[in-house]
file work_27.csv (CSV, C-alpha atoms)
chain,number,residue,atom,x,y,z
A,1,MET,CA,87.2,119.3,100.7
A,2,SER,CA,89.4,118.2,103.6
A,3,PHE,CA,90.3,114.9,105.2
A,4,HIS,CA,88.2,114.0,108.2
A,5,ILE,CA,90.5,112.3,110.7
A,6,GLU,CA,90.4,112.6,114.5
A,7,PHE,CA,93.0,111.4,117.1
A,8,ASN,CA,92.4,110.5,120.7
A,9,SER,CA,95.3,112.9,121.7
A,10,SER,CA,97.2,115.5,119.9
A,11,PRO,CA,100.3,113.7,118.5
A,12,ASN,CA,103.5,115.7,119.3
A,13,PRO,CA,106.6,113.7,118.3
A,14,LYS,CA,109.9,114.3,120.0
A,15,ASN,CA,113.4,114.2,118.6
A,16,LEU,CA,115.5,111.3,119.8
A,17,ALA,CA,119.3,111.1,119.7
A,18,VAL,CA,120.3,107.5,118.9
A,19,LYS,CA,123.5,105.6,118.8
A,20,LEU,CA,123.8,102.0,117.5
A,21,ASN,CA,126.3,99.2,117.9
A,22,ALA,CA,128.8,98.6,115.0
A,23,LYS,CA,126.6,96.1,113.2
A,24,GLY,CA,123.5,98.2,113.4
A,25,GLU,CA,125.4,101.3,112.2
A,26,GLN,CA,126.8,99.3,109.2
A,27,PHE,CA,123.3,98.3,108.1
A,28,VAL,CA,122.0,101.9,108.2
A,29,VAL,CA,125.1,103.3,106.3
A,30,LYS,CA,124.4,100.7,103.6
A,31,GLY,CA,120.9,101.9,103.2
A,32,HIS,CA,119.0,99.2,105.1
A,33,PRO,CA,115.7,100.6,106.4
A,34,TRP,CA,115.4,98.6,109.6
A,35,VAL,CA,117.0,99.0,113.0
A,36,PHE,CA,116.3,96.1,115.4
A,37,SER,CA,116.0,96.8,119.2
A,38,ASN,CA,119.2,94.8,119.9
A,39,SER,CA,121.2,97.2,117.7
A,40,ILE,CA,120.4,100.3,119.8
A,41,GLU,CA,123.1,101.2,122.4
A,42,LYS,CA,121.9,104.6,123.5
A,43,ILE,CA,118.6,106.5,123.1
A,44,ASN,CA,116.7,109.3,124.9
A,45,ASP,CA,114.6,108.4,127.9
A,46,ASN,CA,110.9,107.7,127.4
A,47,PRO,CA,110.9,107.3,123.6
A,48,SER,CA,107.4,107.0,122.1
A,49,THR,CA,106.0,105.5,118.9
A,50,GLY,CA,106.2,108.1,116.1
A,51,ASP,CA,109.1,110.0,117.7
A,52,LEU,CA,111.8,111.1,115.2
A,53,ALA,CA,115.0,109.0,115.8
A,54,ILE,CA,118.1,110.9,114.7
A,55,ILE,CA,120.9,108.3,114.4
A,56,PHE,CA,124.4,109.4,115.0
A,57,SER,CA,127.6,107.6,114.1
A,58,LYS,CA,129.6,106.1,116.9
A,59,ASN,CA,132.8,107.9,116.3
A,60,LYS,CA,132.4,111.0,114.3
A,61,ASN,CA,129.2,112.1,115.8
A,62,ARG,CA,127.6,112.8,112.4
A,63,VAL,CA,124.0,112.0,111.5
A,64,ILE,CA,123.9,108.8,109.4
A,65,GLY,CA,120.1,108.3,109.3
A,66,ILE,CA,116.7,109.5,110.4
A,67,GLY,CA,113.8,107.1,111.3
A,68,LEU,CA,110.6,106.8,113.1
A,69,TYR,CA,110.6,105.0,116.5
A,70,ASP,CA,108.2,102.1,117.0
A,71,ALA,CA,107.8,101.0,120.6
A,72,ASN,CA,105.6,98.0,119.5
A,73,SER,CA,107.9,96.3,117.1
A,74,PRO,CA,111.3,94.4,117.3
A,75,ILE,CA,112.2,96.7,114.3
A,76,ARG,CA,112.5,99.5,116.7
A,77,ILE,CA,113.4,102.2,114.2
A,78,LYS,CA,112.2,102.4,110.7
A,79,ILE,CA,114.4,104.5,108.5
A,80,ILE,CA,112.8,107.3,106.4
A,81,HIS,CA,116.0,109.1,105.3
A,82,ASN,CA,119.6,108.2,104.9
A,83,ALA,CA,122.0,111.0,105.7
A,84,GLU,CA,123.7,111.5,102.4
A,85,THR,CA,121.8,114.8,102.2
A,86,LYS,CA,120.4,116.9,105.0
A,87,ALA,CA,116.7,116.9,105.6
A,88,LYS,CA,114.1,118.6,107.7
A,89,ILE,CA,111.3,116.1,108.4
A,90,ASN,CA,108.1,118.0,107.8
A,91,SER,CA,105.1,118.0,105.4
A,92,GLU,CA,107.3,119.3,102.5
A,93,PHE,CA,109.7,116.4,103.1
A,94,PHE,CA,107.0,113.8,102.7
A,95,HIS,CA,105.3,115.6,99.8
A,96,TYR,CA,108.6,115.6,97.9
A,97,LYS,CA,109.1,111.8,98.6
A,98,ILE,CA,105.6,111.1,97.3
A,99,GLU,CA,106.3,113.2,94.1
A,100,LEU,CA,109.4,111.1,93.5
A,101,ALA,CA,107.4,107.9,93.9
A,102,PHE,CA,104.8,109.2,91.5
A,103,GLU,CA,107.5,110.0,88.9
A,104,LYS,CA,108.8,106.4,89.1
A,105,ARG,CA,105.3,105.2,88.0
A,106,SER,CA,105.1,107.6,85.0
A,107,GLU,CA,106.0,105.1,82.4
A,108,LEU,CA,103.4,102.6,83.6
A,109,LEU,CA,100.7,105.4,83.7
A,110,ASP,CA,101.5,106.2,80.0
A,111,THR,CA,100.0,102.7,79.2
A,112,ASN,CA,96.2,102.0,79.2
A,113,THR,CA,96.3,101.4,83.0
A,114,ASN,CA,94.7,103.5,85.8
A,115,SER,CA,95.6,101.2,88.8
A,116,TYR,CA,99.0,101.4,90.5
A,117,ARG,CA,100.8,101.2,93.7
A,118,LEU,CA,101.8,104.8,94.5
A,119,ILE,CA,103.7,104.0,97.8
A,120,PHE,CA,105.4,100.6,98.3
A,121,GLY,CA,106.4,100.8,102.0
A,122,GLU,CA,110.1,100.9,102.8
A,123,ASN,CA,111.0,100.8,99.1
A,124,ASP,CA,109.6,104.3,98.7
A,125,GLY,CA,110.7,105.5,102.1
A,126,PHE,CA,107.4,104.9,103.9
A,127,PRO,CA,107.9,101.8,106.1
A,128,GLY,CA,104.6,100.4,107.2
A,129,LEU,CA,102.5,102.4,104.7
A,130,ILE,CA,101.0,101.3,101.4
A,131,ALA,CA,99.0,103.5,99.0
A,132,ASP,CA,97.3,102.0,96.0
A,133,VAL,CA,95.2,103.8,93.4
A,134,TYR,CA,92.2,102.2,91.6
A,135,ASN,CA,90.9,104.6,88.9
A,136,SER,CA,89.9,107.6,91.0
A,137,VAL,CA,90.0,105.9,94.4
A,138,LEU,CA,93.1,106.0,96.7
A,139,VAL,CA,93.4,103.2,99.3
A,140,VAL,CA,95.9,103.7,102.0
A,141,LYS,CA,96.8,100.8,104.2
A,142,LEU,CA,98.6,101.4,107.5
A,143,TYR,CA,100.6,98.7,109.2
A,144,SER,CA,102.3,100.8,112.0
A,145,GLU,CA,101.3,103.6,114.4
A,146,ILE,CA,104.6,105.4,113.6
A,147,TRP,CA,102.7,107.4,110.9
A,148,LEU,CA,99.9,108.7,113.1
A,149,PRO,CA,101.6,112.1,114.0
A,150,TYR,CA,102.3,112.7,110.3
A,151,LEU,CA,99.3,111.1,108.6
A,152,GLU,CA,97.1,114.1,107.8
A,153,SER,CA,99.7,115.9,105.7
A,154,ILE,CA,100.8,112.7,104.0
A,155,LEU,CA,97.2,111.9,103.0
A,156,LEU,CA,96.7,115.4,101.7
A,157,SER,CA,99.9,115.0,99.5
A,158,LEU,CA,98.9,111.6,98.3
A,159,GLN,CA,95.5,113.0,97.2
A,160,GLN,CA,97.0,116.1,95.6
A,161,ILE,CA,99.7,114.2,93.6
A,162,SER,CA,97.4,111.3,92.5
A,163,LYS,CA,94.5,113.6,91.9
A,164,VAL,CA,92.0,111.0,93.1
A,165,ASP,CA,88.4,111.9,94.1
A,166,THR,CA,88.1,109.5,97.0
A,167,ALA,CA,90.4,108.1,99.7
A,168,ILE,CA,89.8,105.0,101.9
A,169,MET,CA,91.7,104.0,105.0
A,170,ARG,CA,92.5,100.3,105.6
A,171,LEU,CA,94.2,99.2,108.8
A,172,SER,CA,96.2,96.1,109.7
A,173,ARG,CA,94.8,94.0,112.5
A,174,ASN,CA,97.1,95.5,115.1
A,175,LEU,CA,96.0,99.0,114.1
A,176,GLN,CA,92.4,98.0,114.2
A,177,ASN,CA,92.8,97.0,117.8
A,178,SER,CA,94.8,100.2,118.8
A,179,LYS,CA,93.2,102.8,121.1
A,180,ASN,CA,95.6,105.5,120.0
A,181,HIS,CA,93.4,106.7,117.1
A,182,THR,CA,89.8,106.8,116.0
A,183,LEU,CA,90.4,105.5,112.4
A,184,LYS,CA,88.3,102.6,111.2
A,185,ASP,CA,89.2,100.0,108.7
A,186,GLY,CA,87.4,100.7,105.4
A,187,GLU,CA,86.5,104.3,106.4
A,188,VAL,CA,86.1,106.9,103.6
A,189,ILE,CA,88.3,109.7,104.8
A,190,TYR,CA,88.1,111.9,101.7
A,191,GLY,CA,85.4,112.4,99.1
A,192,THR,CA,82.5,110.0,98.7
A,193,LEU,CA,82.3,106.3,97.6
A,194,ASN,CA,79.2,105.3,95.8
A,195,ASN,CA,80.2,101.6,95.4
A,196,GLU,CA,82.8,99.6,97.4
A,197,VAL,CA,83.5,97.7,94.2
A,198,VAL,CA,85.6,99.9,92.1
A,199,GLU,CA,86.2,99.2,88.4
A,200,PHE,CA,89.7,99.9,87.0
A,201,ILE,CA,91.8,99.1,83.9
A,202,GLU,CA,95.1,97.1,83.7
A,203,HIS,CA,96.7,97.3,80.2
A,204,GLY,CA,93.4,97.6,78.5
A,205,VAL,CA,91.7,94.8,80.5
A,206,ARG,CA,88.9,95.6,83.0
A,207,PHE,CA,88.9,94.5,86.6
A,208,THR,CA,87.2,95.4,89.9
A,209,ALA,CA,88.6,95.8,93.4
A,210,ASN,CA,86.5,95.8,96.6
A,211,VAL,CA,88.3,98.6,98.3
A,212,ILE,CA,86.5,98.2,101.7
A,213,LYS,CA,86.5,94.4,102.2
A,214,GLY,CA,89.0,93.0,99.6
A,215,HIS,CA,92.4,91.4,100.6
A,216,LYS,CA,95.1,94.0,101.4
A,217,THR,CA,93.9,97.1,99.5
A,218,GLY,CA,91.4,95.2,97.3
A,219,TYR,CA,93.6,93.6,94.6
A,220,PHE,CA,97.2,92.4,93.9
A,221,LEU,CA,98.9,94.8,91.6
A,222,ASP,CA,102.4,93.4,91.7
A,223,HIS,CA,101.8,90.7,89.1
A,224,ARG,CA,100.4,93.1,86.5
A,225,ASP,CA,103.2,92.7,84.0
A,226,ASN,CA,103.2,89.0,84.3
A,227,ARG,CA,99.4,88.9,83.7
A,228,ARG,CA,99.8,91.1,80.6
A,229,ARG,CA,102.5,88.8,79.3
A,230,VAL,CA,100.6,85.6,79.9
A,231,GLY,CA,97.6,87.2,78.3
A,232,GLU,CA,99.6,87.9,75.1
A,233,LEU,CA,100.9,84.3,75.1
A,234,SER,CA,97.4,82.8,75.4
A,235,LYS,CA,95.8,83.7,72.1
A,236,GLY,CA,94.1,80.6,70.7
A,237,LYS,CA,95.3,78.5,73.7
A,238,SER,CA,93.8,76.5,76.5
A,239,VAL,CA,94.9,77.9,79.9
A,240,LEU,CA,94.9,76.7,83.5
A,241,ASP,CA,95.1,79.4,86.2
A,242,VAL,CA,95.9,77.8,89.5
A,243,PHE,CA,95.2,79.8,92.8
A,244,SER,CA,93.3,82.1,90.4
A,245,TYR,CA,91.8,84.4,93.2
A,246,ALA,CA,90.0,87.2,91.3
A,247,GLY,CA,91.0,85.8,87.9
A,248,GLY,CA,94.0,88.1,87.1
A,249,PHE,CA,95.7,85.7,84.7
A,250,SER,CA,92.4,84.1,83.6
A,251,VAL,CA,90.8,87.4,82.5
A,252,HIS,CA,93.9,88.6,80.7
A,253,ALA,CA,94.0,85.3,78.8
A,254,LEU,CA,90.3,85.5,77.9
A,255,ALA,CA,90.6,89.1,76.8
A,256,ASN,CA,93.6,88.2,74.6
A,257,GLY,CA,91.7,85.4,72.7
A,258,ALA,CA,92.3,82.2,74.7
A,259,LYS,CA,90.0,79.5,73.5
A,260,GLU,CA,89.4,78.0,76.9
A,261,VAL,CA,90.4,79.1,80.4
A,262,THR,CA,90.0,77.1,83.7
A,263,SER,CA,90.3,79.1,86.9
A,264,LEU,CA,91.1,77.0,90.0
A,265,ASP,CA,90.7,78.3,93.5
A,266,ILE,CA,89.7,77.0,96.9
A,267,SER,CA,87.4,80.0,97.4
A,268,LYS,CA,84.0,79.9,95.6
A,269,GLN,CA,83.7,83.6,96.4
A,270,ALA,CA,87.0,84.3,94.6
A,271,LEU,CA,85.8,82.3,91.6
A,272,ASP,CA,82.6,84.3,91.5
A,273,LEU,CA,84.7,87.4,91.3
A,274,ALA,CA,86.9,85.9,88.6
A,275,ARG,CA,83.8,85.2,86.5
A,276,GLU,CA,82.5,88.7,87.1
A,277,ASN,CA,85.8,90.2,86.1
A,278,GLY,CA,85.8,88.2,83.0
A,279,LYS,CA,82.4,89.5,82.0
A,280,LEU,CA,83.6,93.1,82.2
A,281,ASN,CA,85.6,92.3,79.0
A,282,SER,CA,84.5,91.0,75.6
A,283,TYR,CA,85.8,87.5,74.9
A,284,SER,CA,84.8,84.5,72.8
A,285,GLY,CA,86.5,81.7,74.7
A,286,ILE,CA,85.0,79.4,77.4
A,287,HIS,CA,85.6,80.2,81.1
A,288,LYS,CA,85.4,77.2,83.4
A,289,THR,CA,86.0,77.2,87.1
A,290,ILE,CA,87.1,74.5,89.6
A,291,SER,CA,86.6,75.0,93.3
A,292,GLY,CA,88.8,73.0,95.6
A,293,ASP,CA,92.3,72.4,97.1
A,294,ALA,CA,94.8,73.0,94.3
A,295,PHE,CA,97.0,69.9,95.2
A,296,VAL,CA,94.0,67.6,95.1
A,297,GLU,CA,92.4,69.1,92.0
A,298,LEU,CA,95.6,69.1,90.0
A,299,LYS,CA,96.0,65.4,90.7
A,300,ASN,CA,92.4,64.9,89.6
A,301,LEU,CA,93.1,66.7,86.3
A,302,ILE,CA,96.2,64.6,85.7
A,303,LYS,CA,94.1,61.4,86.3
A,304,LYS,CA,91.6,62.6,83.7
A,305,GLY,CA,94.4,63.0,81.2
A,306,LYS,CA,93.9,66.8,80.9
A,307,ARG,CA,96.6,68.9,79.4
A,308,PHE,CA,96.8,72.7,78.9
A,309,ASP,CA,98.8,74.9,76.5
A,310,VAL,CA,99.5,77.4,79.3
A,311,VAL,CA,99.6,76.5,83.0
A,312,VAL,CA,100.0,79.3,85.6
A,313,ILE,CA,100.6,78.4,89.2
A,314,ASP,CA,100.7,81.4,91.5
A,315,PRO,CA,100.1,80.3,95.1
A,316,PRO,CA,99.8,82.4,98.2
A,317,SER,CA,102.8,82.8,100.5
A,318,PHE,CA,103.7,79.4,101.9
A,319,ALA,CA,106.4,80.8,104.3
A,320,LYS,CA,104.8,83.3,106.8
A,321,GLN,CA,107.7,82.7,109.2
A,322,GLN,CA,111.3,81.4,109.2
A,323,ALA,CA,110.2,77.9,110.4
A,324,ASP,CA,108.0,77.5,107.3
A,325,ILE,CA,110.7,77.7,104.7
A,326,GLU,CA,111.5,74.1,104.1
A,327,LEU,CA,107.9,73.0,104.0
A,328,ALA,CA,107.2,75.9,101.6
A,329,LYS,CA,110.0,74.6,99.3
A,330,LYS,CA,108.5,71.1,99.3
A,331,LYS,CA,105.1,72.6,98.3
A,332,TYR,CA,106.7,74.6,95.5
A,333,ALA,CA,108.4,71.5,94.2
A,334,GLN,CA,105.1,69.5,94.3
A,335,LEU,CA,103.3,72.2,92.4
A,336,ALA,CA,106.1,72.4,89.8
A,337,ASP,CA,105.9,68.6,89.3
A,338,LEU,CA,102.1,68.7,88.9
A,339,GLY,CA,102.4,71.7,86.6
A,340,VAL,CA,104.8,69.8,84.3
A,341,GLN,CA,102.4,66.9,84.0
A,342,LEU,CA,99.6,69.2,83.1
A,343,THR,CA,101.4,71.2,80.4
A,344,ALA,CA,101.0,70.1,76.8
A,345,LYS,CA,103.8,69.6,74.3
A,346,ASN,CA,105.3,73.0,73.4
A,347,GLY,CA,103.2,74.4,76.2
A,348,LEU,CA,104.1,77.1,78.7
A,349,LEU,CA,104.5,76.5,82.4
A,350,VAL,CA,104.5,79.7,84.6
A,351,LEU,CA,105.6,79.2,88.2
A,352,ALA,CA,105.5,82.1,90.7
A,353,SER,CA,106.2,82.7,94.4
A,354,CYS,CA,105.4,85.6,96.7
A,355,SER,CA,107.1,84.2,99.8
A,356,SER,CA,109.7,86.8,100.8
A,357,ARG,CA,111.6,84.2,102.9
A,358,VAL,CA,112.2,81.9,100.0
A,359,MET,CA,114.9,83.8,98.1
A,360,SER,CA,114.6,84.3,94.4
A,361,GLN,CA,117.6,82.2,93.4
A,362,SER,CA,116.5,79.4,95.7
A,363,PHE,CA,113.0,79.4,94.0
A,364,PHE,CA,114.4,79.3,90.5
A,365,ASP,CA,117.0,76.6,91.5
A,366,LEU,CA,114.2,74.5,92.9
A,367,ASN,CA,112.2,74.8,89.7
A,368,THR,CA,115.2,73.8,87.7
A,369,ARG,CA,115.8,70.7,89.8
A,370,VAL,CA,112.2,69.6,89.4
A,371,LEU,CA,112.2,70.2,85.6
A,372,ASN,CA,115.5,68.4,85.2
A,373,SER,CA,114.2,65.4,87.0
A,374,GLN,CA,111.4,65.1,84.4
A,375,PRO,CA,111.8,63.1,81.1
A,376,LYS,CA,110.5,66.1,79.1
A,377,LEU,CA,112.9,68.6,77.5
A,378,TYR,CA,112.3,72.2,78.4
A,379,GLU,CA,113.8,75.7,78.0
A,380,THR,CA,113.7,78.6,80.5
A,381,LEU,CA,112.2,81.5,78.6
A,382,LEU,CA,112.2,84.2,81.3
A,383,LYS,CA,112.6,85.1,84.9
A,384,THR,CA,110.7,88.1,86.2
A,385,ASN,CA,109.9,89.9,89.5
A,386,HIS,CA,107.7,92.9,90.5
A,387,ASP,CA,106.1,95.3,88.2
A,388,SER,CA,107.6,98.9,87.9
A,389,ASP,CA,105.2,100.3,90.6
A,390,HIS,CA,106.8,97.9,93.1
A,391,PRO,CA,110.5,99.2,93.1
A,392,ILE,CA,113.0,97.4,95.3
A,393,SER,CA,115.4,99.4,97.4
A,394,PHE,CA,116.7,96.6,99.8
A,395,PRO,CA,117.0,92.8,99.6
A,396,GLU,CA,114.1,91.9,101.9
A,397,GLY,CA,111.9,94.2,99.9
A,398,ALA,CA,111.9,91.7,97.0
A,399,TYR,CA,109.4,88.9,97.4
A,400,LEU,CA,107.8,88.2,94.0
A,401,LYS,CA,109.5,85.9,91.4
A,402,CYS,CA,108.1,84.2,88.4
A,403,GLY,CA,109.6,81.7,85.9
A,404,TYR,CA,108.4,80.9,82.4
A,405,TYR,CA,109.3,77.5,81.1
A,406,ARG,CA,108.6,76.0,77.6
A,407,LEU,CA,108.1,72.3,77.6
A,408,LEU,CA,109.4,71.0,74.3
A,409,GLU,CA,107.8,67.5,74.3

call {"tool": "encode", "arguments": {"input": "work_27.csv", "output": "structure tokens"}}
result
Amino acid sequence: MSFHIEFNSSPNPKNLAVKLNAKGEQFVVKGHPWVFSNSIEKINDNPSTGDLAIIFSKNKNRVIGIGLYDANSPIRIKIIHNAETKAKINSEFFHYKIELAFEKRSELLDTNTNSYRLIFGENDGFPGLIADVYNSVLVVKLYSEIWLPYLESILLSLQQISKVDTAIMRLSRNLQNSKNHTLKDGEVIYGTLNNEVVEFIEHGVRFTANVIKGHKTGYFLDHRDNRRRVGELSKGKSVLDVFSYAGGFSVHALANGAKEVTSLDISKQALDLARENGKLNSYSGIHKTISGDAFVELKNLIKKGKRFDVVVIDPPSFAKQQADIELAKKKYAQLADLGVQLTAKNGLLVLASCSSRVMSQSFFDLNTRVLNSQPKLYETLLKTNHDSDHPISFPEGAYLKCGYYRLLE
């Protein structure tokens, strides 16, 4: 069985000789995967998206990095290889990189888990490309046209290494609007798909992902270890899961013996999904849902005098751009304050952020300030980030942070 992909033209990338200014060169030498347009001093005429950019040092004329040229982005070159070792960029090169990525996930795959991120963009040397596996289905999401000339061999390697039966192509909005390919968002490009809702297992707990219409690739895998941990800490407890989406934390809590779980989300559709995911597992607790704006509903719960043994607050990204950072911090502080008021004595408050522009230390400092301003004593139990299938290779690659706080009174 082969991949069925067609292109509007035969992609034939060129080699580009590139020289950067001192600042840009320093970033590349340090292993940073992005070269912005204002760092480029010299480049071949008529470079095209997908061309191979060979970056030479300013003085010694040696190769310091190899990247893919992107004419449509301010990040003009996306690095795929630093020049500590020589490399020939071909199908074998990409196959080897995918093998390395798969090996990094081996410890996770030794657990009762069959869903994982195989390729995490820049962090695995594939800027603008994500590959997630749900059971026997591979979902590849493309964010940049730089991969079009190399896509067929990469997809073949992804399938061979992950041993999946089916592969789905998902496209970012700019790729969906591109006329440089005939790919379609949600297209089955390998094997067959009997149901767009795919069931998978995460540390023994069953979930589903809609691989055709779901957010991103269908589910959020990065919080897996935090969900497992919250589940283990929820036995016999009452749990509030705020911004619950498909019920990740809720379902782990129920499957681990929580007596009562409340999932809160603005989307009724997401809450339906959370309920369905819960039913895939056996549990004896009560699963309640609240549909509404989190800030409003949390205040309503406080007015009613509700308290929970475990409160998890995991909002969507509040800082999509630089200008949003201060407002995002205010929202995080509000949520932390509301969370403290809803957490019972000796209860656990779990606060998370997926805003890459709000730095990890800044987020944890903000939580500490809010908690210190409360009359309740507390202790910080743990600070975590991404699960092991989301390795971080450069500072901006880290976005997820999660703090666990025990309220002692």

call {"tool": "residues_near_point", "arguments": {"input": "work_27.csv", "point": "(84.6, 93.4, 98.5)", "cutoff": "10 Å", "atoms": "all atoms listed in the file", "output": "list in words"}}
result
Asn195, Glu196, Val197, Val198, Thr208, Ala209, Asn210, Val211, Ile212, Lys213, Gly214, His215, Gly218, Tyr219 and Leu273 of chain A

call {"tool": "atom_distance", "arguments": {"input": "work_27.csv", "atom1": "CA of Leu175 in chain A", "atom2": "CA of Ile55 in chain A"}}
result
26.6 Å

call {"tool": "residues_near_point", "arguments": {"input": "work_27.csv", "point": "(111.5, 74.9, 86.2)", "cutoff": "10 Å", "atoms": "only C-alpha atoms", "output": "count of residues only"}}
result
28

call {"tool": "atom_distance", "arguments": {"input": "work_27.csv", "atom1": "CA of Leu183 in chain A", "atom2": "CA of Arg170 in chain A"}}
result
8.8 Å

call {"tool": "atom_distance", "arguments": {"input": "work_27.csv", "atom1": "CA of Gly278 in chain A", "atom2": "CA of His203 in chain A"}}
result
14.5 Å

call {"tool": "closest_residue", "arguments": {"input": "work_27.csv", "among": "A:Ser37, A:Ser393, A:Gln159, A:Thr217", "to": "Ile189 in chain A", "atoms": "only C-alpha atoms"}}
result
A:Gln159

call {"tool": "closest_residue", "arguments": {"input": "work_27.csv", "among": "A:Asp222, A:Asp124, A:Asp265, A:Asp293", "to": "Phe102 in chain A", "atoms": "only C-alpha atoms"}}
result
A:Asp124

call {"tool": "build_atoms", "arguments": {"input": "work_27.csv", "residues": "range 247-253 of chain A", "atoms": "all heavy atoms", "output": "JSON list (two decimals), keeping the file's coordinate frame"}}
result
[["chain", "number", "residue", "atom", "x", "y", "z"],
["A", 247, "GLY", "N", 90.95, 86.08, 89.34],
["A", 247, "GLY", "CA", 91.00, 85.80, 87.90],
["A", 247, "GLY", "C", 92.00, 86.65, 87.12],
["A", 247, "GLY", "O", 91.82, 86.82, 85.91],
["A", 248, "GLY", "N", 93.03, 87.18, 87.78],
["A", 248, "GLY", "CA", 94.00, 88.10, 87.10],
["A", 248, "GLY", "C", 94.52, 87.49, 85.80],
["A", 248, "GLY", "O", 94.36, 88.07, 84.71],
["A", 249, "PHE", "N", 95.16, 86.33, 85.89],
["A", 249, "PHE", "CA", 95.70, 85.70, 84.70],
["A", 249, "PHE", "C", 94.61, 85.19, 83.78],
["A", 249, "PHE", "O", 94.70, 85.31, 82.56],
["A", 249, "PHE", "CB", 96.63, 84.52, 85.11],
["A", 249, "PHE", "CG", 97.94, 84.95, 85.72],
["A", 249, "PHE", "CD1", 98.12, 84.93, 87.10],
["A", 249, "PHE", "CD2", 98.99, 85.36, 84.92],
["A", 249, "PHE", "CE1", 99.32, 85.34, 87.66],
["A", 249, "PHE", "CE2", 100.21, 85.77, 85.48],
["A", 249, "PHE", "CZ", 100.36, 85.75, 86.85],
["A", 250, "SER", "N", 93.55, 84.65, 84.36],
["A", 250, "SER", "CA", 92.40, 84.10, 83.60],
["A", 250, "SER", "C", 91.81, 85.18, 82.67],
["A", 250, "SER", "O", 91.57, 84.96, 81.48],
["A", 250, "SER", "CB", 91.34, 83.56, 84.50],
["A", 250, "SER", "OG", 91.82, 82.51, 85.30],
["A", 251, "VAL", "N", 91.53, 86.33, 83.25],
["A", 251, "VAL", "CA", 90.80, 87.40, 82.50],
["A", 251, "VAL", "C", 91.71, 87.97, 81.42],
["A", 251, "VAL", "O", 91.24, 88.23, 80.31],
["A", 251, "VAL", "CB", 90.33, 88.48, 83.49],
["A", 251, "VAL", "CG1", 89.69, 89.64, 82.74],
["A", 251, "VAL", "CG2", 89.33, 87.88, 84.49],
["A", 252, "HIS", "N", 93.00, 88.15, 81.70],
["A", 252, "HIS", "CA", 93.90, 88.60, 80.70],
["A", 252, "HIS", "C", 93.97, 87.61, 79.50],
["A", 252, "HIS", "O", 94.00, 88.00, 78.33],
["A", 252, "HIS", "CB", 95.33, 88.84, 81.22],
["A", 252, "HIS", "CG", 95.55, 90.23, 81.73],
["A", 252, "HIS", "ND1", 95.94, 91.26, 80.91],
["A", 252, "HIS", "CD2", 95.41, 90.75, 82.96],
["A", 252, "HIS", "CE1", 96.05, 92.37, 81.63],
["A", 252, "HIS", "NE2", 95.72, 92.09, 82.88],
["A", 253, "ALA", "N", 93.98, 86.32, 79.83],
["A", 253, "ALA", "CA", 94.00, 85.30, 78.80],
["A", 253, "ALA", "C", 92.75, 85.34, 77.95],
["A", 253, "ALA", "O", 92.81, 85.32, 76.71],
["A", 253, "ALA", "CB", 94.18, 83.91, 79.44]]
